[in-house]
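Source file: target03.cif; contents: mmCIF, C-alpha atoms (C1' of nucleotides).
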data_query
#
loop_
_atom_site.label_atom_id
_atom_site.label_comp_id
_atom_site.auth_asym_id
_atom_site.auth_seq_id
_atom_site.Cartn_x
_atom_site.Cartn_y
_atom_site.Cartn_z
CA MET A 1 0.55 7.65 -5.01
CA GLN A 2 0.17 5.15 -7.79
CA VAL A 3 -2.48 3.99 -10.19
CA THR A 4 -3.60 0.55 -8.99
CA LYS A 5 -3.40 -2.48 -11.19
CA THR A 6 -7.15 -2.90 -10.72
CA LEU A 7 -7.85 0.48 -12.27
CA ASP A 8 -5.47 -0.32 -15.09
CA TYR A 9 -7.37 -3.56 -15.71
CA ALA A 10 -10.65 -1.68 -15.78
CA VAL A 11 -9.45 0.89 -18.28
CA ARG A 12 -7.89 -1.76 -20.47
CA SER A 13 -11.11 -3.76 -20.47
CA LEU A 14 -13.16 -0.73 -21.36
CA THR A 15 -10.89 0.41 -24.15
CA TYR A 16 -10.95 -3.14 -25.45
CA ILE A 17 -14.72 -3.20 -25.45
CA GLY A 18 -14.79 0.33 -26.77
CA HIS A 19 -13.06 -0.65 -29.98
CA LYS A 20 -16.22 -2.51 -30.93
CA PRO A 21 -18.88 -1.02 -28.67
CA ILE A 22 -21.84 -2.80 -30.26
CA VAL A 23 -20.43 -6.32 -30.16
CA LYS A 24 -20.72 -8.34 -26.99
CA HIS A 25 -17.42 -9.32 -25.40
CA SER A 26 -17.27 -12.18 -22.93
CA MET A 27 -15.17 -12.06 -19.80
CA ARG A 28 -13.13 -14.91 -21.16
CA GLU A 29 -12.37 -13.00 -24.34
CA ILE A 30 -11.38 -9.86 -22.47
CA SER A 31 -9.33 -11.85 -20.00
CA GLU A 32 -7.34 -13.54 -22.74
CA HIS A 33 -6.78 -10.52 -24.94
CA GLN A 34 -5.83 -8.23 -22.08
CA HIS A 35 -4.00 -10.79 -19.94
CA ILE A 36 -6.19 -10.23 -16.91
CA PRO A 37 -6.87 -13.07 -14.43
CA LEU A 38 -10.37 -14.28 -15.26
CA ASN A 39 -11.74 -14.49 -11.73
CA TYR A 40 -10.35 -11.13 -10.79
CA LEU A 41 -11.76 -9.57 -13.92
CA ALA A 42 -15.16 -10.85 -12.81
CA LYS A 43 -15.02 -8.69 -9.72
CA ILE A 44 -13.97 -5.67 -11.73
CA MET A 45 -16.72 -6.09 -14.29
CA ARG A 46 -19.35 -6.32 -11.59
CA ARG A 47 -18.36 -2.91 -10.31
CA LEU A 48 -18.53 -1.45 -13.80
CA VAL A 49 -21.96 -3.01 -14.25
CA LYS A 50 -23.21 -1.68 -10.94
CA LYS A 51 -22.05 1.81 -11.81
CA GLY A 52 -23.88 1.71 -15.11
CA ILE A 53 -20.79 1.92 -17.26
CA VAL A 54 -21.24 -1.47 -18.80
CA ARG A 55 -24.20 -3.69 -19.63
CA SER A 56 -24.01 -7.44 -19.07
CA MET A 57 -25.83 -10.33 -20.71
CA VAL A 58 -25.85 -13.81 -19.18
CA GLY A 59 -25.94 -17.08 -21.04
CA PRO A 60 -24.26 -18.46 -24.14
CA ASP A 61 -23.21 -15.66 -26.43
CA GLY A 62 -23.46 -13.42 -23.38
CA GLY A 63 -20.92 -10.80 -22.46
CA TYR A 64 -20.48 -7.09 -22.01
CA THR A 65 -21.13 -3.98 -24.04
CA LEU A 66 -20.79 -0.33 -23.15
CA ARG A 67 -23.91 1.14 -21.63
CA LYS A 68 -23.10 4.67 -22.79
CA ALA A 69 -21.31 6.13 -25.76
CA PRO A 70 -17.50 6.22 -25.36
CA GLY A 71 -17.72 9.99 -25.47
CA ASP A 72 -19.97 9.94 -22.41
CA ILE A 73 -17.69 7.83 -20.24
CA SER A 74 -15.01 9.85 -18.54
CA LEU A 75 -11.93 8.46 -16.90
CA ARG A 76 -13.26 9.96 -13.71
CA ASP A 77 -16.33 7.74 -14.01
CA ILE A 78 -14.10 4.71 -14.34
CA TYR A 79 -11.82 5.78 -11.51
CA GLU A 80 -14.71 6.30 -9.14
CA ALA A 81 -16.41 3.07 -10.15
CA ILE A 82 -13.29 1.19 -9.15
CA GLU A 83 -11.79 3.18 -6.32
CA GLY A 84 -14.74 5.13 -5.00
CA GLU A 85 -14.70 8.86 -4.41
CA ILE A 86 -11.41 10.49 -5.38
CA ARG A 87 -9.52 11.56 -2.29
CA ILE A 88 -5.75 11.65 -2.37
CA VAL A 89 -5.36 12.40 1.33
CA GLU A 90 -7.34 10.80 4.11
CA CYS A 91 -8.21 13.99 5.94
CA MET A 92 -10.18 15.24 2.97
CA GLU A 93 -13.09 13.07 3.99
CA GLY A 94 -14.33 15.93 6.07
CA ASN A 95 -15.30 14.18 9.27
CA GLY A 96 -11.70 13.96 10.40
CA ILE A 97 -10.43 16.42 12.92
CA CYS A 98 -6.75 16.89 13.56
CA ARG A 99 -5.47 16.08 17.00
CA LEU A 100 -2.76 18.63 16.45
CA HIS A 101 -5.23 21.49 16.66
CA GLU A 102 -3.44 23.72 14.27
CA THR A 103 -4.14 24.78 10.76
CA CYS A 104 -2.68 22.31 8.31
CA PRO A 105 0.01 23.75 6.06
CA GLN A 106 -0.04 21.01 3.48
CA LEU A 107 -3.71 20.46 2.85
CA PRO A 108 -4.06 23.34 0.37
CA VAL A 109 -1.36 21.85 -1.82
CA TRP A 110 -2.88 18.39 -1.94
CA ASP A 111 -6.17 20.03 -2.62
CA ARG A 112 -4.70 21.77 -5.64
CA VAL A 113 -3.13 18.53 -6.85
CA GLN A 114 -6.40 16.68 -6.48
CA LEU A 115 -8.40 19.37 -8.25
CA SER A 116 -6.06 19.40 -11.22
CA MET A 117 -6.15 15.64 -11.36
CA VAL A 118 -9.92 15.45 -11.22
CA LYS A 119 -10.11 18.05 -13.95
CA ILE A 120 -7.94 16.01 -16.29
CA LEU A 121 -9.75 12.76 -15.52
CA GLU A 122 -13.06 14.47 -16.10
CA GLU A 123 -12.03 15.96 -19.40
CA THR A 124 -10.74 12.67 -20.70
CA THR A 125 -13.36 10.39 -22.21
CA LEU A 126 -13.04 6.82 -23.34
CA GLU A 127 -13.53 8.10 -26.87
CA GLN A 128 -10.49 10.34 -26.57
CA MET A 129 -8.40 7.54 -25.16
CA LEU A 130 -9.37 5.32 -28.06
CA ALA A 131 -8.36 8.03 -30.51
CA GLU A 132 -5.14 8.91 -28.76
CA ARG A 133 -2.09 7.00 -29.71
CA GLY A 134 0.39 5.93 -27.07
CA ILE A 135 3.47 7.96 -27.76
CA ARG A 136 5.80 7.14 -24.94
CA GLY A 137 5.66 3.39 -25.12
CA PHE A 138 3.70 0.42 -23.98
CA ILE A 139 1.97 -0.60 -20.82
CA LYS A 140 3.81 -3.32 -19.01
CA VAL A 141 1.70 -6.30 -18.09
CA ASN A 142 2.63 -7.77 -14.72
CA MET B 1 -3.61 6.95 -5.47
CA GLN B 2 -3.09 8.37 -2.02
CA VAL B 3 -0.52 10.39 -0.16
CA THR B 4 1.23 7.98 2.19
CA LYS B 5 1.33 8.56 5.91
CA THR B 6 5.11 8.54 5.70
CA LEU B 7 5.12 11.51 3.35
CA ASP B 8 2.64 13.28 5.59
CA TYR B 9 4.96 12.68 8.54
CA ALA B 10 7.90 14.08 6.60
CA VAL B 11 6.07 17.23 5.59
CA ARG B 12 4.75 17.76 9.09
CA SER B 13 8.24 17.38 10.54
CA LEU B 14 9.70 19.82 8.07
CA THR B 15 7.03 22.45 8.57
CA TYR B 16 7.54 22.03 12.30
CA ILE B 17 11.27 22.58 11.98
CA GLY B 18 10.64 25.32 9.47
CA HIS B 19 8.82 27.44 11.97
CA LYS B 20 12.14 27.94 13.76
CA PRO B 21 14.71 27.01 11.13
CA ILE B 22 17.75 28.05 13.13
CA VAL B 23 16.95 26.21 16.32
CA LYS B 24 17.84 22.56 16.64
CA HIS B 25 14.88 20.22 17.09
CA SER B 26 15.39 16.76 18.50
CA MET B 27 13.60 13.72 17.16
CA ARG B 28 11.92 13.36 20.50
CA GLU B 29 10.58 16.89 20.35
CA ILE B 30 9.29 16.48 16.81
CA SER B 31 7.80 13.12 17.64
CA GLU B 32 5.87 14.47 20.59
CA HIS B 33 4.64 17.66 18.99
CA GLN B 34 3.60 16.02 15.75
CA HIS B 35 2.41 12.72 17.19
CA ILE B 36 4.75 10.62 15.09
CA PRO B 37 6.08 7.29 16.41
CA LEU B 38 9.65 8.02 17.50
CA ASN B 39 11.32 5.01 15.94
CA TYR B 40 9.53 5.46 12.69
CA LEU B 41 10.39 9.12 12.60
CA ALA B 42 14.02 8.09 12.88
CA LYS B 43 13.81 6.29 9.56
CA ILE B 44 12.15 9.26 7.93
CA MET B 45 14.68 11.74 9.21
CA ARG B 46 17.56 9.66 7.93
CA ARG B 47 16.16 9.89 4.43
CA LEU B 48 15.79 13.64 4.71
CA VAL B 49 19.36 13.88 5.97
CA LYS B 50 20.70 11.72 3.15
CA LYS B 51 18.93 13.85 0.58
CA GLY B 52 20.43 17.02 2.00
CA ILE B 53 17.17 18.54 3.10
CA VAL B 54 18.01 18.46 6.76
CA ARG B 55 21.18 18.66 8.82
CA SER B 56 21.63 16.48 11.87
CA MET B 57 23.72 16.93 15.01
CA VAL B 58 24.43 14.03 17.34
CA GLY B 59 24.84 14.21 21.10
CA PRO B 60 23.11 16.04 23.90
CA ASP B 61 21.43 19.14 22.61
CA GLY B 62 21.62 17.53 19.20
CA GLY B 63 18.80 17.53 16.69
CA TYR B 64 17.85 18.69 13.26
CA THR B 65 17.81 21.97 11.38
CA LEU B 66 16.98 22.74 7.79
CA ARG B 67 19.96 22.53 5.49
CA LYS B 68 18.49 24.96 2.99
CA ALA B 69 16.23 27.97 3.23
CA PRO B 70 12.51 27.07 3.36
CA GLY B 71 12.11 28.86 0.06
CA ASP B 72 14.63 26.51 -1.52
CA ILE B 73 12.91 23.30 -0.43
CA SER B 74 10.11 22.27 -2.75
CA LEU B 75 7.45 19.73 -1.96
CA ARG B 76 8.82 17.79 -4.88
CA ASP B 77 12.16 17.54 -3.09
CA ILE B 78 10.41 16.16 -0.05
CA TYR B 79 8.28 13.78 -2.06
CA GLU B 80 11.26 12.35 -3.89
CA ALA B 81 13.33 12.10 -0.74
CA ILE B 82 10.64 9.91 0.77
CA GLU B 83 9.14 8.03 -2.15
CA GLY B 84 11.86 8.18 -4.75
CA GLU B 85 11.31 9.31 -8.31
CA ILE B 86 7.72 10.38 -8.98
CA ARG B 87 5.98 7.82 -11.14
CA ILE B 88 2.25 7.34 -10.81
CA VAL B 89 2.11 4.33 -13.12
CA GLU B 90 4.58 1.48 -13.16
CA CYS B 91 5.13 1.40 -16.89
CA MET B 92 6.57 4.88 -16.83
CA GLU B 93 9.86 3.49 -15.61
CA GLY B 94 10.88 3.13 -19.21
CA ASN B 95 12.42 -0.33 -19.19
CA GLY B 96 9.01 -1.98 -19.17
CA ILE B 97 7.66 -3.29 -22.41
CA CYS B 98 4.03 -4.23 -22.76
CA ARG B 99 3.27 -7.83 -23.53
CA LEU B 100 0.17 -6.66 -25.33
CA HIS B 101 2.23 -5.18 -28.15
CA GLU B 102 -0.17 -2.39 -28.88
CA THR B 103 -0.03 1.30 -28.27
CA CYS B 104 -1.34 2.12 -24.84
CA PRO B 105 -4.44 4.30 -24.83
CA GLN B 106 -4.23 5.38 -21.21
CA LEU B 107 -0.59 6.27 -20.79
CA PRO B 108 -0.95 9.79 -22.24
CA VAL B 109 -3.59 10.64 -19.66
CA TRP B 110 -1.57 9.47 -16.69
CA ASP B 111 1.35 11.31 -18.15
CA ARG B 112 -0.68 14.50 -18.15
CA VAL B 113 -1.84 13.90 -14.59
CA GLN B 114 1.70 13.29 -13.44
CA LEU B 115 3.08 16.35 -15.20
CA SER B 116 0.49 18.62 -13.65
CA MET B 117 1.15 17.12 -10.26
CA VAL B 118 4.90 17.49 -10.54
CA LYS B 119 4.42 21.08 -11.60
CA ILE B 120 2.39 21.91 -8.52
CA LEU B 121 4.75 20.09 -6.17
CA GLU B 122 7.68 21.85 -7.75
CA GLU B 123 6.13 25.28 -7.45
CA THR B 124 5.26 24.77 -3.82
CA THR B 125 8.05 25.49 -1.38
CA LEU B 126 8.21 24.87 2.33
CA GLU B 127 8.16 28.62 2.77
CA GLN B 128 4.86 28.88 0.96
CA MET B 129 3.36 26.09 2.99
CA LEU B 130 4.40 27.82 6.18
CA ALA B 131 2.75 31.01 5.02
CA GLU B 132 -0.39 29.37 3.75
CA ARG B 133 -3.17 28.89 6.19
CA GLY B 134 -5.22 25.72 6.14
CA ILE B 135 -8.63 26.79 4.97
CA ARG B 136 -10.54 23.56 4.63
CA GLY B 137 -9.86 22.06 8.01
CA PHE B 138 -7.39 20.03 9.90
CA ILE B 139 -5.23 17.05 9.21
CA LYS B 140 -6.43 13.94 10.93
CA VAL B 141 -3.77 12.12 12.92
CA ASN B 142 -4.15 8.35 12.74
"C1'" DT C 1 36.98 10.36 32.31
"C1'" DA C 2 32.37 9.18 33.18
"C1'" DT C 3 27.71 9.85 32.03
"C1'" DA C 4 23.74 11.14 29.77
"C1'" DT C 5 21.75 12.40 25.52
"C1'" DT C 6 20.82 11.95 20.75
"C1'" DC C 7 21.32 10.28 16.14
"C1'" DT C 8 22.51 6.03 13.16
"C1'" DG C 9 21.71 1.76 10.84
"C1'" DG C 10 20.10 -2.65 10.43
"C1'" DA C 11 17.00 -6.32 11.48
"C1'" DT C 12 12.59 -7.60 12.21
"C1'" DA C 13 7.53 -7.64 13.10
"C1'" DC C 14 2.86 -6.17 12.02
"C1'" DA C 15 -1.23 -4.74 9.49
"C1'" DC C 16 -3.80 -3.85 5.85
"C1'" DG C 17 -5.35 -3.58 1.38
"C1'" DA C 18 -4.50 -4.75 -3.39
"C1'" DT C 19 -4.50 -8.79 -5.89
"C1'" DA C 20 -5.96 -13.30 -6.88
"C1'" DT C 21 -8.46 -17.82 -6.58
"C1'" DC C 22 -12.41 -20.89 -5.85
"C1'" DC C 23 -17.03 -22.34 -6.00
"C1'" DA C 24 -21.92 -22.77 -5.94
"C1'" DT C 25 -25.73 -20.49 -8.26
"C1'" DA C 26 -28.60 -18.16 -11.61
"C1'" DA C 27 -29.66 -16.84 -16.27
"C1'" DA C 28 -30.34 -17.90 -20.99
"C1'" DG C 29 -29.46 -19.77 -25.67
"C1'" DA C 30 -29.26 -24.20 -28.44
"C1'" DT D 1 -31.59 -30.89 -20.92
"C1'" DC D 2 -27.02 -29.30 -21.78
"C1'" DT D 3 -23.76 -25.85 -22.30
"C1'" DT D 4 -22.18 -21.33 -21.83
"C1'" DT D 5 -21.64 -17.21 -19.29
"C1'" DA D 6 -22.28 -13.86 -15.60
"C1'" DT D 7 -23.12 -13.35 -10.40
"C1'" DG D 8 -21.91 -13.04 -5.62
"C1'" DG D 9 -19.67 -14.38 -1.71
"C1'" DA D 10 -15.99 -16.48 0.78
"C1'" DT D 11 -11.34 -17.03 1.19
"C1'" DA D 12 -6.27 -17.01 0.29
"C1'" DT D 13 -2.00 -14.70 -1.09
"C1'" DC D 14 1.26 -11.31 -1.15
"C1'" DG D 15 3.50 -6.88 -1.27
"C1'" DT D 16 4.46 -2.93 1.05
"C1'" DG D 17 3.44 0.83 4.06
"C1'" DT D 18 3.87 1.20 8.81
"C1'" DA D 19 5.95 0.35 13.09
"C1'" DT D 20 9.11 -1.56 16.69
"C1'" DC D 21 13.49 -2.93 18.78
"C1'" DC D 22 18.21 -2.67 19.73
"C1'" DA D 23 23.16 -2.22 19.67
"C1'" DG D 24 26.43 1.22 18.52
"C1'" DA D 25 28.57 5.76 17.47
"C1'" DA D 26 28.93 10.63 18.29
"C1'" DT D 27 29.21 14.48 21.40
"C1'" DA D 28 28.15 17.80 25.04
"C1'" DT D 29 28.57 18.44 29.92
"C1'" DA D 30 30.00 17.69 34.53
#
Would you encode the structure as structure tokens?
Amino acid sequence: MQVTKTLDYAVRSLTYIGHKPIVKHSMREISEHQHIPLNYLAKIMRRLVKKGIVRSMVGPDGGYTLRKAPGDISLRDIYEAIEGEIRIVECMEGNGICRLHETCPQLPVWDRVQLSMVKILEETTLEQMLAERGIRGFIKVN
Amino acid sequence: MQVTKTLDYAVRSLTYIGHKPIVKHSMREISEHQHIPLNYLAKIMRRLVKKGIVRSMVGPDGGYTLRKAPGDISLRDIYEAIEGEIRIVECMEGNGICRLHETCPQLPVWDRVQLSMVKILEETTLEQMLAERGIRGFIKVN
DNA sequence: TATATTCTGGATACACGATATCCATAAAGA
DNA sequence: TCTTTATGGATATCGTGTATCCAGAATATA
């Protein structure tokens, strides 16, 4: 029940780009400023490109820019680009049937947790995150 | 960002015991009815015992009963007994300082997600889970 | 006392996915 | 042509959730 480092990398990259959304930012630049392993970042960026969150340009002076306005990119978009469909318990995939053959007492709770989480992620845009100031402290790298 | 199988096992065991809170239930019985590997269940039960959620009796006709009323056991209690302190992002542990030396844009969001989750887990007691009927389907085992 | 049953605790093995690295290739600007 | 940068796939590493095994202690019952 933890946010993966990969998702953290993705959000950090996007907020970094988001500070100057027009300018192109190369993988190398992002990698160095955000302390993300270059080759691993490559994999992350590809997913963000594929999901239409980021635009990429190849060649010298190439790099990445946001494909949409920061206000139009929700944290849910980012989450799903990296992790796929949000599903905090396996059985929520629908096709699973319980061998126990009894109604599940805990599913409704996890459902509620997931719904509230999705709601928050959906309401939060990149723009808001850029505006928000970290109050409680700093992200730990590594 | 997923509920671990271990936590699922723990909740299933407790709801199973909770159906007849007075009666002693042996590990073997729980294991068979809930399809949980016996030896692994042993580890789980020890944690629940240590955290005072469950009482254990050794010897023939031994087993487990709830130590508190189902209404006094929250899902948060169970979660923390199994996983330890709830913390959906690493940096929330407090002693971590970010090498980036900049305010973290995403921490406030995860903080909100965690708070809402803790609230739901706290409000939900074993008693409520026992009363609730699974609406969406069944838990998939394995 | 003897025996069977059950929990306890530690050591260890396994599996899988998150994390990371490498490289050959394509695109594009100078 | 040369350099820079992204692409895509293959592969390696590593942590941890998951699972297994076993010797020992407790205790009820005969």
| field | Residue contacts of DA23 in chain D (12 Å, only C-alpha atoms (C1' of nucleotides)) excluding same-chain residues fewer than 2 positions away, as a list of chain:residue names | value |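 Listing them by chain and then by number gives C:DT8, C:DG9, C:DG10, C:DA11, D:DC21, D:DA25.
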Restrict the distance test to only C-alpha atoms (C1' of nucleotides), flag each residue of chain D within 10 Å of chain B, and return the flagged residues as a PyMOL selection string.
-> chain D and resi 17-21+25-29
Using only C-alpha atoms (C1' of nucleotides), the shortest atom-to-atom distance to chain C among B:Leu7, B:Lys43, B:Tyr16, B:Ile22 belongs to B:Lys43
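Pairwise distance (C1' of DT3 in chain C, CA of Ile36 in chain B) equals 28.5 Å.
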Worksheet item: Could you list, as a PyMOL selection string, every residue of chain C that has an atom within 9 Å of an atom of chain B, counting only C-alpha atoms (C1' of nucleotides)?
Response: chain C and resi 4-8
Atoms are missing here; could range 6-33 of chain A be completed with N, CA and C atoms and written as a JSON list (two decimals), in the coordinates of the input?
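In the end it all went to out-v1.json:
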[["chain", "number", "residue", "atom", "x", "y", "z"],
["A", 6, "THR", "N", -5.71, -2.69, -10.51],
["A", 6, "THR", "CA", -7.15, -2.90, -10.72],
["A", 6, "THR", "C", -7.73, -1.85, -11.65],
["A", 7, "LEU", "N", -7.36, -0.59, -11.41],
["A", 7, "LEU", "CA", -7.85, 0.48, -12.27],
["A", 7, "LEU", "C", -7.32, 0.31, -13.68],
["A", 8, "ASP", "N", -6.06, -0.05, -13.78],
["A", 8, "ASP", "CA", -5.47, -0.32, -15.09],
["A", 8, "ASP", "C", -6.25, -1.40, -15.82],
["A", 9, "TYR", "N", -6.57, -2.48, -15.13],
["A", 9, "TYR", "CA", -7.37, -3.56, -15.71],
["A", 9, "TYR", "C", -8.71, -3.02, -16.23],
["A", 10, "ALA", "N", -9.34, -2.21, -15.41],
["A", 10, "ALA", "CA", -10.65, -1.68, -15.78],
["A", 10, "ALA", "C", -10.57, -0.85, -17.05],
["A", 11, "VAL", "N", -9.60, 0.03, -17.10],
["A", 11, "VAL", "CA", -9.45, 0.89, -18.28],
["A", 11, "VAL", "C", -9.13, 0.06, -19.51],
["A", 12, "ARG", "N", -8.25, -0.90, -19.33],
["A", 12, "ARG", "CA", -7.89, -1.76, -20.47],
["A", 12, "ARG", "C", -9.11, -2.51, -20.98],
["A", 13, "SER", "N", -9.90, -3.03, -20.06],
["A", 13, "SER", "CA", -11.11, -3.76, -20.47],
["A", 13, "SER", "C", -12.05, -2.85, -21.24],
["A", 14, "LEU", "N", -12.21, -1.64, -20.73],
["A", 14, "LEU", "CA", -13.16, -0.73, -21.36],
["A", 14, "LEU", "C", -12.68, -0.25, -22.72],
["A", 15, "THR", "N", -11.40, 0.01, -22.84],
["A", 15, "THR", "CA", -10.89, 0.41, -24.15],
["A", 15, "THR", "C", -11.01, -0.76, -25.13],
["A", 16, "TYR", "N", -10.79, -1.95, -24.60],
["A", 16, "TYR", "CA", -10.95, -3.14, -25.45],
["A", 16, "TYR", "C", -12.37, -3.25, -25.97],
["A", 17, "ILE", "N", -13.32, -3.16, -25.05],
["A", 17, "ILE", "CA", -14.72, -3.20, -25.45],
["A", 17, "ILE", "C", -15.05, -2.04, -26.37],
["A", 18, "GLY", "N", -14.48, -0.89, -26.04],
["A", 18, "GLY", "CA", -14.79, 0.33, -26.77],
["A", 18, "GLY", "C", -14.41, 0.29, -28.24],
["A", 19, "HIS", "N", -13.45, -0.54, -28.57],
["A", 19, "HIS", "CA", -13.06, -0.65, -29.98],
["A", 19, "HIS", "C", -14.20, -1.17, -30.84],
["A", 20, "LYS", "N", -15.01, -2.05, -30.25],
["A", 20, "LYS", "CA", -16.22, -2.51, -30.93],
["A", 20, "LYS", "C", -17.37, -2.45, -29.93],
["A", 21, "PRO", "N", -17.93, -1.28, -29.77],
["A", 21, "PRO", "CA", -18.88, -1.02, -28.67],
["A", 21, "PRO", "C", -20.19, -1.78, -28.82],
["A", 22, "ILE", "N", -20.56, -2.13, -30.04],
["A", 22, "ILE", "CA", -21.84, -2.80, -30.26],
["A", 22, "ILE", "C", -21.75, -4.29, -29.91],
["A", 23, "VAL", "N", -20.63, -4.88, -30.34],
["A", 23, "VAL", "CA", -20.43, -6.32, -30.16],
["A", 23, "VAL", "C", -20.34, -6.68, -28.68],
["A", 24, "LYS", "N", -20.88, -7.84, -28.34],
["A", 24, "LYS", "CA", -20.72, -8.34, -26.99],
["A", 24, "LYS", "C", -19.34, -9.00, -26.82],
["A", 25, "HIS", "N", -18.72, -8.71, -25.68],
["A", 25, "HIS", "CA", -17.42, -9.32, -25.40],
["A", 25, "HIS", "C", -17.51, -10.10, -24.09],
["A", 26, "SER", "N", -17.19, -11.36, -24.15],
["A", 26, "SER", "CA", -17.27, -12.18, -22.93],
["A", 26, "SER", "C", -16.08, -11.92, -22.03],
["A", 27, "MET", "N", -16.26, -12.21, -20.76],
["A", 27, "MET", "CA", -15.17, -12.06, -19.80],
["A", 27, "MET", "C", -13.95, -12.85, -20.24],
["A", 28, "ARG", "N", -14.23, -14.04, -20.73],
["A", 28, "ARG", "CA", -13.13, -14.91, -21.16],
["A", 28, "ARG", "C", -12.33, -14.24, -22.27],
["A", 29, "GLU", "N", -13.03, -13.67, -23.21],
["A", 29, "GLU", "CA", -12.37, -13.00, -24.34],
["A", 29, "GLU", "C", -11.52, -11.83, -23.84],
["A", 30, "ILE", "N", -12.12, -11.01, -23.00],
["A", 30, "ILE", "CA", -11.38, -9.86, -22.47],
["A", 30, "ILE", "C", -10.17, -10.32, -21.69],
["A", 31, "SER", "N", -10.40, -11.32, -20.84],
["A", 31, "SER", "CA", -9.33, -11.85, -20.00],
["A", 31, "SER", "C", -8.14, -12.30, -20.85],
["A", 32, "GLU", "N", -8.43, -13.01, -21.92],
["A", 32, "GLU", "CA", -7.34, -13.54, -22.74],
["A", 32, "GLU", "C", -6.62, -12.46, -23.54],
["A", 33, "HIS", "N", -7.41, -11.56, -24.12],
["A", 33, "HIS", "CA", -6.78, -10.52, -24.94],
["A", 33, "HIS", "C", -6.00, -9.51, -24.12]]
